[in-house]
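To start, the structure itself, in structure tokens.
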Amino acid sequence: MMLTLSALLFENGLPNLPVLLIEPHRNRAGVWRIKFSYETGEPLSMDVDQASAMAPRLHQIGEDDLAGEVEDAIRTAARYASM
């Protein structure tokens, strides 16, 4: 059975809504996370490891643009964390 975008997002705690922005975000504890902002509702975030596991699965189902945005945010978060 082929995984759908909706199922993959649900599995990772994200809604199946258009994402306005995917970016690195440092939480109050100083840990870099990946934040997903939507037109409606509050932004949601996940840890970098979870996002890193989700990106290749997005590629597998043909969601290359979304995967690329997640990968860019992961690279930026890693760069910020190393400063």
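Ligands are numbered from 1 in the order shown, residues from 1 within each chain, and chains are lettered A, B, ... in the order they appear in the structure tokens.
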Test item: residues at most 9 Å from Ile74 of chain A, only C-alpha atoms, excluding those fewer than 6 positions along its chain, as a ChimeraX atom specification = /A:23-24,33-34,48-49,51-52
Neighbours of Pro43 of chain A within 10 Å (only C-alpha atoms; same-chain residues fewer than 3 positions away dropped), as a PDB file with N, CA and C atoms, in the first residue's frame?
ATOM      1  N   LEU A  14       1.186  16.558  11.843  1.00  0.00           N
ATOM      2  CA  LEU A  14       0.928  17.763  11.070  1.00  0.00           C
ATOM      3  C   LEU A  14      -0.406  17.665  10.341  1.00  0.00           C
ATOM      4  N   VAL A  19       1.206  24.618   3.609  1.00  0.00           N
ATOM      5  CA  VAL A  19       2.199  25.189   4.517  1.00  0.00           C
ATOM      6  C   VAL A  19       2.675  26.510   3.921  1.00  0.00           C
ATOM      7  N   LEU A  20       2.593  27.570   4.721  1.00  0.00           N
ATOM      8  CA  LEU A  20       3.066  28.880   4.262  1.00  0.00           C
ATOM      9  C   LEU A  20       4.574  29.001   4.368  1.00  0.00           C
ATOM     10  N   LEU A  21       5.135  28.437   5.447  1.00  0.00           N
ATOM     11  CA  LEU A  21       6.556  28.611   5.705  1.00  0.00           C
ATOM     12  C   LEU A  21       7.069  27.445   6.535  1.00  0.00           C
ATOM     13  N   ILE A  22       8.240  26.958   6.152  1.00  0.00           N
ATOM     14  CA  ILE A  22       8.953  25.945   6.940  1.00  0.00           C
ATOM     15  C   ILE A  22      10.295  26.562   7.269  1.00  0.00           C
ATOM     16  N   LYS A  35       9.859  24.464  12.268  1.00  0.00           N
ATOM     17  CA  LYS A  35       8.521  25.026  12.466  1.00  0.00           C
ATOM     18  C   LYS A  35       7.771  25.068  11.139  1.00  0.00           C
ATOM     19  N   PHE A  36       6.507  24.637  11.187  1.00  0.00           N
ATOM     20  CA  PHE A  36       5.609  24.643  10.042  1.00  0.00           C
ATOM     21  C   PHE A  36       4.516  25.669  10.330  1.00  0.00           C
ATOM     22  N   SER A  37       4.441  26.713   9.504  1.00  0.00           N
ATOM     23  CA  SER A  37       3.431  27.758   9.685  1.00  0.00           C
ATOM     24  C   SER A  37       2.334  27.597   8.643  1.00  0.00           C
ATOM     25  N   TYR A  38       1.104  27.778   9.099  1.00  0.00           N
ATOM     26  CA  TYR A  38      -0.074  27.617   8.254  1.00  0.00           C
ATOM     27  C   TYR A  38      -0.874  28.909   8.234  1.00  0.00           C
ATOM     28  N   GLU A  39      -1.705  29.067   7.217  1.00  0.00           N
ATOM     29  CA  GLU A  39      -2.540  30.254   7.115  1.00  0.00           C
ATOM     30  C   GLU A  39      -3.510  30.347   8.283  1.00  0.00           C
ATOM     31  N   THR A  40      -4.031  29.220   8.678  1.00  0.00           N
ATOM     32  CA  THR A  40      -4.967  29.186   9.805  1.00  0.00           C
ATOM     33  C   THR A  40      -4.334  28.431  10.962  1.00  0.00           C
TER      34      THR A  40
END
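Going from atom CA of Gly30 of chain A to atom CA of Gly13 of chain A covers 21.7 Å.
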Choose the residue, out of A:Thr76, A:Asn12, A:Ser6, A:Gln60, that has the smallest atom-to-atom separation from Trp32 of chain A; count only C-alpha atoms.
->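 Between A:Thr76, A:Asn12, A:Ser6, A:Gln60, the residue approaching Trp32 of chain A most closely is A:Thr76.
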Could you please determine the separation between atom CA of Thr4 of chain A and atom CA of Arg75 of chain A in Å, to one decimal place?
->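 For atom CA of Thr4 of chain A relative to atom CA of Arg75 of chain A, the distance reads 25.2 Å.
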Selection near Ala53 of chain A, 12 Å with only C-alpha atoms, sequence-local residues under 6 positions removed, as a ChimeraX atom specification | /A:8,11-12,46-47,59-60,67,70-71,74
Please save N, CA, C and O atoms of the selected residues as a compact mmCIF listing (two decimals), in the first residue's frame.
# COMPACT_ATOMS: atom_id res chain seq x y z
N LEU A 8 1.20 10.60 5.80
CA LEU A 8 2.54 10.92 6.30
C LEU A 8 2.50 12.13 7.22
O LEU A 8 3.13 12.13 8.28
N GLU A 11 0.88 11.08 10.48
CA GLU A 11 1.83 10.25 11.23
C GLU A 11 2.86 11.11 11.98
O GLU A 11 3.37 10.72 13.02
N ASN A 12 3.14 12.29 11.43
CA ASN A 12 4.13 13.19 12.02
C ASN A 12 3.51 14.36 12.79
O ASN A 12 4.17 15.32 13.13
N MET A 46 8.51 20.34 14.99
CA MET A 46 8.99 18.98 15.29
C MET A 46 10.49 19.05 15.47
O MET A 46 11.14 19.99 15.00
N ASP A 47 11.04 18.05 16.15
CA ASP A 47 12.49 18.06 16.33
C ASP A 47 13.17 17.74 15.00
O ASP A 47 12.56 17.21 14.08
N HIS A 59 10.10 12.57 -0.35
CA HIS A 59 10.65 12.32 -1.69
C HIS A 59 10.06 11.04 -2.27
O HIS A 59 9.71 11.01 -3.46
N GLN A 60 9.93 9.99 -1.47
CA GLN A 60 9.41 8.71 -1.95
C GLN A 60 8.00 8.82 -2.52
O GLN A 60 7.65 8.07 -3.42
N ALA A 67 9.71 18.32 0.52
CA ALA A 67 10.90 17.69 1.10
C ALA A 67 12.09 18.64 1.04
O ALA A 67 12.85 18.76 2.01
N VAL A 70 11.83 21.24 3.76
CA VAL A 70 12.16 20.65 5.06
C VAL A 70 13.68 20.47 5.17
O VAL A 70 14.28 20.82 6.19
N GLU A 71 14.31 19.97 4.12
CA GLU A 71 15.76 19.76 4.14
C GLU A 71 16.51 21.09 4.28
O GLU A 71 17.51 21.16 5.01
N ILE A 74 16.30 22.10 7.88
CA ILE A 74 17.17 21.24 8.68
C ILE A 74 18.62 21.70 8.57
O ILE A 74 19.32 21.83 9.58
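Atom CA of Ile61 of chain A lies 6.9 Å from atom CA of Leu3 of chain A.
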